[in-house]
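K.L.:
I am sharing final04.pdb, which consists of PDB, C-alpha atoms, pLDDT in the B column:
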ATOM      1  CA  MET J   7       2.317  38.698 -31.422  1.00 78.00           C
ATOM      2  CA  LYS J   8       4.684  35.727 -31.673  1.00 83.00           C
ATOM      3  CA  LYS J   9       6.755  37.044 -28.790  1.00 88.00           C
ATOM      4  CA  ILE J  10       3.713  37.216 -26.505  1.00 90.00           C
ATOM      5  CA  PHE J  11       2.735  33.661 -27.471  1.00 88.00           C
ATOM      6  CA  TRP J  12       6.210  32.298 -26.757  1.00 88.00           C
ATOM      7  CA  LEU J  13       6.365  34.255 -23.507  1.00 91.00           C
ATOM      8  CA  GLY J  14       3.107  32.579 -22.415  1.00 91.00           C
ATOM      9  CA  VAL J  15       4.412  29.164 -23.437  1.00 92.00           C
ATOM     10  CA  GLY J  16       7.633  29.746 -21.495  1.00 92.00           C
ATOM     11  CA  ILE J  17       5.784  30.854 -18.361  1.00 93.00           C
ATOM     12  CA  THR J  18       3.464  27.849 -18.568  1.00 94.00           C
ATOM     13  CA  ILE J  19       6.371  25.439 -18.947  1.00 94.00           C
ATOM     14  CA  GLY J  20       8.150  27.099 -16.030  1.00 93.00           C
ATOM     15  CA  VAL J  21       5.134  26.797 -13.738  1.00 94.00           C
ATOM     16  CA  VAL J  22       4.565  23.146 -14.668  1.00 94.00           C
ATOM     17  CA  ALA J  23       8.234  22.338 -14.145  1.00 93.00           C
ATOM     18  CA  ALA J  24       8.302  24.103 -10.766  1.00 91.00           C
ATOM     19  CA  ARG J  25       5.267  22.113  -9.585  1.00 91.00           C
ATOM     20  CA  LYS J  26       6.774  18.822 -10.773  1.00 89.00           C
ATOM     21  CA  ILE J  27      10.037  19.578  -8.966  1.00 86.00           C
ATOM     22  CA  ALA J  28       8.192  20.479  -5.756  1.00 83.00           C
ATOM     23  CA  ALA J  29       6.182  17.240  -5.959  1.00 80.00           C
ATOM     24  CA  ALA J  30       9.345  15.215  -6.586  1.00 79.00           C
ATOM     25  CA  LYS J  31      11.067  16.768  -3.562  1.00 77.00           C
ATOM     26  CA  GLY J  32       8.086  15.808  -1.397  1.00 71.00           C
ATOM     27  CA  ALA J  33       8.153  12.242  -2.706  1.00 72.00           C
ATOM     28  CA  ILE J  34      11.866  11.778  -2.051  1.00 77.00           C
ATOM     29  CA  GLY J  35      11.864  12.628   1.655  1.00 76.00           C
ATOM     30  CA  PRO J  36      10.894  10.369   4.552  1.00 79.00           C
ATOM     31  CA  GLU J  37       7.274  11.522   4.458  1.00 80.00           C
ATOM     32  CA  GLY J  38       7.039  10.607   0.778  1.00 79.00           C
ATOM     33  CA  LEU J  39       8.560   7.219   1.459  1.00 80.00           C
ATOM     34  CA  ASN J  40       6.075   6.615   4.279  1.00 86.00           C
ATOM     35  CA  ARG J  41       3.182   7.535   1.987  1.00 86.00           C
ATOM     36  CA  ALA J  42       4.457   5.217  -0.753  1.00 84.00           C
ATOM     37  CA  VAL J  43       4.893   2.302   1.657  1.00 89.00           C
ATOM     38  CA  GLY J  44       1.464   2.964   3.158  1.00 92.00           C
ATOM     39  CA  ARG J  45      -0.174   2.957  -0.262  1.00 92.00           C
ATOM     40  CA  ALA J  46       1.601  -0.257  -1.224  1.00 93.00           C
ATOM     41  CA  SER J  47       0.582  -1.867   2.065  1.00 94.00           C
ATOM     42  CA  ASP J  48      -3.044  -0.832   1.567  1.00 95.00           C
ATOM     43  CA  ALA J  49      -3.023  -2.205  -1.977  1.00 95.00           C
ATOM     44  CA  VAL J  50      -1.612  -5.550  -0.831  1.00 95.00           C
ATOM     45  CA  HIS J  51      -4.161  -5.741   2.002  1.00 96.00           C
ATOM     46  CA  ASP J  52      -7.060  -4.968  -0.351  1.00 95.00           C
ATOM     47  CA  PHE J  53      -5.828  -7.563  -2.841  1.00 96.00           C
ATOM     48  CA  ALA J  54      -5.471 -10.213  -0.125  1.00 95.00           C
ATOM     49  CA  SER J  55      -8.967  -9.469   1.201  1.00 95.00           C
ATOM     50  CA  ALA J  56     -10.503  -9.774  -2.253  1.00 96.00           C
ATOM     51  CA  LEU J  57      -8.577 -12.985  -2.878  1.00 95.00           C
ATOM     52  CA  ARG J  58      -9.748 -14.540   0.407  1.00 95.00           C
ATOM     53  CA  GLU J  59     -13.345 -13.521  -0.273  1.00 96.00           C
ATOM     54  CA  ASN J  60     -13.294 -15.053  -3.758  1.00 95.00           C
ATOM     55  CA  MET J  61     -11.569 -18.209  -2.484  1.00 95.00           C
ATOM     56  CA  ASP J  62     -14.280 -18.682   0.157  1.00 94.00           C
ATOM     57  CA  GLU J  63     -17.027 -18.154  -2.411  1.00 94.00           C
ATOM     58  CA  ARG J  64     -15.451 -20.646  -4.811  1.00 95.00           C
ATOM     59  CA  GLU J  65     -14.923 -23.188  -2.021  1.00 94.00           C
ATOM     60  CA  ASN J  66     -18.600 -22.930  -1.064  1.00 93.00           C
ATOM     61  CA  ASP J  67     -19.608 -23.412  -4.713  1.00 92.00           C
ATOM     62  CA  LEU J  68     -17.417 -26.500  -4.988  1.00 93.00           C
ATOM     63  CA  ARG J  69     -18.693 -27.934  -1.697  1.00 93.00           C
ATOM     64  CA  VAL J  70     -22.274 -27.554  -2.887  1.00 91.00           C
ATOM     65  CA  ALA J  71     -21.427 -29.025  -6.310  1.00 92.00           C
ATOM     66  CA  LEU J  72     -19.761 -32.056  -4.695  1.00 91.00           C
ATOM     67  CA  GLY J  73     -22.657 -32.551  -2.294  1.00 88.00           C
ATOM     68  CA  ILE J  74     -20.587 -31.955   0.840  1.00 89.00           C
ATOM     69  CA  ASP J  75     -22.772 -29.049   1.924  1.00 81.00           C
ATOM     70  CA  GLN J  76     -26.299 -28.086   1.038  1.00 80.00           C
ATOM     71  CA  ALA J  77     -27.003 -24.979  -0.983  1.00 66.00           C
ATOM     72  CA  PRO J  78     -27.702 -21.931   1.222  1.00 63.00           C
ATOM     73  CA  ASP J  79     -31.288 -21.669  -0.091  1.00 62.00           C
ATOM     74  CA  LEU J  80     -32.025 -25.317   0.729  1.00 54.00           C
ATOM     75  CA  ALA J  81     -30.537 -25.071   4.215  1.00 52.00           C
ATOM     76  CA  ARG J  82     -32.957 -22.304   5.220  1.00 52.00           C
ATOM     77  CA  HIS J  83     -36.122 -24.284   4.442  1.00 49.00           C
TER      78      HIS J  83
END
Produce C-alpha coordinates that represent the structure in this file.
P.N.:
Amino acid sequence: MKKIFWLGVGITIGVVAARKIAAAKGAIGPEGLNRAVGRASDAVHDFASALRENMDERENDLRVALGIDQAPDLARH
(Lines of atoms letter the chains of each structure in order from A and count residues from 1; the text may use other names and numbers.)
(Lines give C-alpha, C1' and ligand atoms only; values in the text may rest on other atoms or scores of the structure.)
Protein backbone atom coordinates (compact mmCIF):
# COMPACT_ATOMS: atom_id res chain seq x y z
CA MET A 1 0.00 0.00 0.00
CA LYS A 2 2.86 2.37 0.81
CA LYS A 3 4.43 1.75 -2.58
CA ILE A 4 1.23 2.74 -4.39
CA PHE A 5 0.97 5.91 -2.29
CA TRP A 6 4.57 6.92 -3.01
CA LEU A 7 4.11 6.09 -6.69
CA GLY A 8 1.12 8.47 -6.79
CA VAL A 9 3.08 11.17 -4.98
CA GLY A 10 5.98 10.78 -7.42
CA ILE A 11 3.72 10.99 -10.47
CA THR A 12 1.99 14.07 -9.07
CA ILE A 13 5.30 15.80 -8.37
CA GLY A 14 6.51 14.91 -11.86
CA VAL A 15 3.42 16.35 -13.54
CA VAL A 16 3.58 19.56 -11.50
CA ALA A 17 7.28 19.96 -12.23
CA ALA A 18 6.76 19.36 -15.96
CA ARG A 19 4.04 22.03 -16.09
CA LYS A 20 6.19 24.53 -14.18
CA ILE A 21 9.11 23.93 -16.55
CA ALA A 22 6.88 24.36 -19.61
CA ALA A 23 5.50 27.62 -18.18
CA ALA A 24 9.01 28.87 -17.40
CA LYS A 25 10.18 28.13 -20.95
CA GLY A 26 7.25 30.13 -22.32
CA ALA A 27 8.05 33.06 -20.03
CA ILE A 28 11.72 33.17 -21.00
CA GLY A 29 11.26 33.54 -24.75
CA PRO A 30 10.48 36.71 -26.69
CA GLU A 31 6.73 36.12 -26.47
CA GLY A 32 6.96 35.85 -22.69
CA LEU A 33 8.99 39.03 -22.52
CA ASN A 34 6.43 40.83 -24.68
CA ARG A 35 3.62 39.66 -22.41
CA ALA A 36 5.50 40.79 -19.29
CA VAL A 37 6.24 44.22 -20.76
CA GLY A 38 2.64 44.56 -21.93
CA ARG A 39 1.31 43.72 -18.48
CA ALA A 40 3.69 46.18 -16.84
CA SER A 41 2.71 48.87 -19.34
CA ASP A 42 -0.99 48.26 -18.70
CA ALA A 43 -0.44 48.43 -14.94
CA VAL A 44 1.44 51.73 -15.21
CA HIS A 45 -1.26 53.16 -17.50
CA ASP A 46 -4.05 52.11 -15.12
CA PHE A 47 -2.18 53.58 -12.16
CA ALA A 48 -1.58 56.87 -13.98
CA SER A 49 -5.25 57.09 -15.00
CA ALA A 50 -6.43 56.50 -11.44
CA LEU A 51 -3.92 59.05 -10.14
CA ARG A 52 -5.06 61.71 -12.63
CA GLU A 53 -8.72 61.05 -11.82
CA ASN A 54 -8.11 61.38 -8.07
CA MET A 55 -5.97 64.49 -8.57
CA ASP A 56 -8.76 66.16 -10.56
CA GLU A 57 -11.34 65.24 -7.93
CA ARG A 58 -9.16 66.60 -5.13
CA GLU A 59 -8.42 69.79 -7.08
CA ASN A 60 -12.15 70.37 -7.57
CA ASP A 61 -12.76 69.81 -3.85
CA LEU A 62 -10.05 72.31 -2.96
CA ARG A 63 -11.31 74.88 -5.47
CA VAL A 64 -14.80 74.65 -3.99
CA ALA A 65 -13.43 74.84 -0.43
CA LEU A 66 -11.39 77.95 -1.27
CA GLY A 67 -14.34 79.58 -3.01
CA ILE A 68 -12.67 79.72 -6.42
CA ASP A 69 -15.41 77.65 -8.03
CA GLN A 70 -18.97 76.96 -7.01
CA ALA A 71 -20.04 73.51 -5.94
CA PRO A 72 -21.44 71.45 -8.84
CA ASP A 73 -24.90 71.30 -7.20
CA LEU A 74 -25.05 75.08 -6.79
CA ALA A 75 -23.92 75.74 -10.36
CA ARG A 76 -26.86 73.81 -11.81
CA HIS A 77 -29.55 75.87 -10.07
K.L.:
What are the centre and edge lengths in Å, to one decimal, of the axis-aligned box around all listed atoms of range 58-66 of chain J with 5 Å added on each side, as JSON?
P.N.:
{"center_x": -14.2, "center_y": -18.4, "center_z": -2.2, "size_x": 18.9, "size_y": 19.7, "size_z": 15.2}
K.L.:
Can you pull out the residues contacting Asp75 in chain J? Cut-off 9 Å, using all atoms listed in the file, and skip same-chain residues under 5 positions away; I want them as JSON, numbers by chain.
P.N.:
{"J": [66, 69, 70]}
K.L.:
Can you tell me how far CA of Ile34 in chain J sits from CA of His51 in chain J, in Å to one decimal?
P.N.:
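Value for the CA of Ile34 in chain J-CA of His51 in chain J distance: 24.1 Å.
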K.L.:
So the first atom is CA of Arg45 in chain J and the second is CA of Ala30 in chain J; what is the distance between them in Å, to one decimal place?
P.N.:
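CA of Ala30 in chain J lies 16.8 Å from CA of Arg45 in chain J.
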K.L.:
Please complete range 31-44 of chain J so it has N, CA and C atoms, and hand it over as an mmCIF file, in the coordinates of the input.
P.N.:
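File result-v1.cif, as written:
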data_model
loop_
_atom_site.group_PDB
_atom_site.id
_atom_site.type_symbol
_atom_site.label_atom_id
_atom_site.label_comp_id
_atom_site.auth_asym_id
_atom_site.auth_seq_id
_atom_site.Cartn_x
_atom_site.Cartn_y
_atom_site.Cartn_z
ATOM 1 N N LYS J 31 10.366 16.572 -4.832
ATOM 2 C CA LYS J 31 11.067 16.768 -3.562
ATOM 3 C C LYS J 31 10.261 16.195 -2.406
ATOM 4 N N GLY J 32 8.945 16.362 -2.447
ATOM 5 C CA GLY J 32 8.086 15.808 -1.397
ATOM 6 C C GLY J 32 8.057 14.289 -1.409
ATOM 7 N N ALA J 33 8.197 13.700 -2.594
ATOM 8 C CA ALA J 33 8.153 12.242 -2.706
ATOM 9 C C ALA J 33 9.469 11.597 -2.289
ATOM 10 N N ILE J 34 10.556 12.344 -2.352
ATOM 11 C CA ILE J 34 11.866 11.778 -2.051
ATOM 12 C C ILE J 34 12.118 11.678 -0.552
ATOM 13 N N GLY J 35 11.587 12.591 0.221
ATOM 14 C CA GLY J 35 11.864 12.628 1.655
ATOM 15 C C GLY J 35 11.224 11.482 2.409
ATOM 16 N N PRO J 36 11.448 11.439 3.722
ATOM 17 C CA PRO J 36 10.894 10.369 4.552
ATOM 18 C C PRO J 36 9.362 10.325 4.537
ATOM 19 N N GLU J 37 8.746 11.501 4.495
ATOM 20 C CA GLU J 37 7.274 11.522 4.458
ATOM 21 C C GLU J 37 6.760 10.888 3.169
ATOM 22 N N GLY J 38 7.426 11.196 2.060
ATOM 23 C CA GLY J 38 7.039 10.607 0.778
ATOM 24 C C GLY J 38 7.232 9.103 0.768
ATOM 25 N N LEU J 39 8.308 8.651 1.374
ATOM 26 C CA LEU J 39 8.560 7.219 1.459
ATOM 27 C C LEU J 39 7.491 6.539 2.314
ATOM 28 N N ASN J 40 7.127 7.169 3.421
ATOM 29 C CA ASN J 40 6.075 6.615 4.279
ATOM 30 C C ASN J 40 4.739 6.530 3.537
ATOM 31 N N ARG J 41 4.430 7.562 2.759
ATOM 32 C CA ARG J 41 3.182 7.535 1.987
ATOM 33 C C ARG J 41 3.212 6.416 0.957
ATOM 34 N N ALA J 42 4.348 6.254 0.270
ATOM 35 C CA ALA J 42 4.457 5.217 -0.753
ATOM 36 C C ALA J 42 4.326 3.820 -0.148
ATOM 37 N N VAL J 43 4.983 3.608 0.994
ATOM 38 C CA VAL J 43 4.893 2.302 1.657
ATOM 39 C C VAL J 43 3.475 2.066 2.164
ATOM 40 N N GLY J 44 2.846 3.094 2.691
ATOM 41 C CA GLY J 44 1.464 2.964 3.158
ATOM 42 C C GLY J 44 0.513 2.608 2.036
#
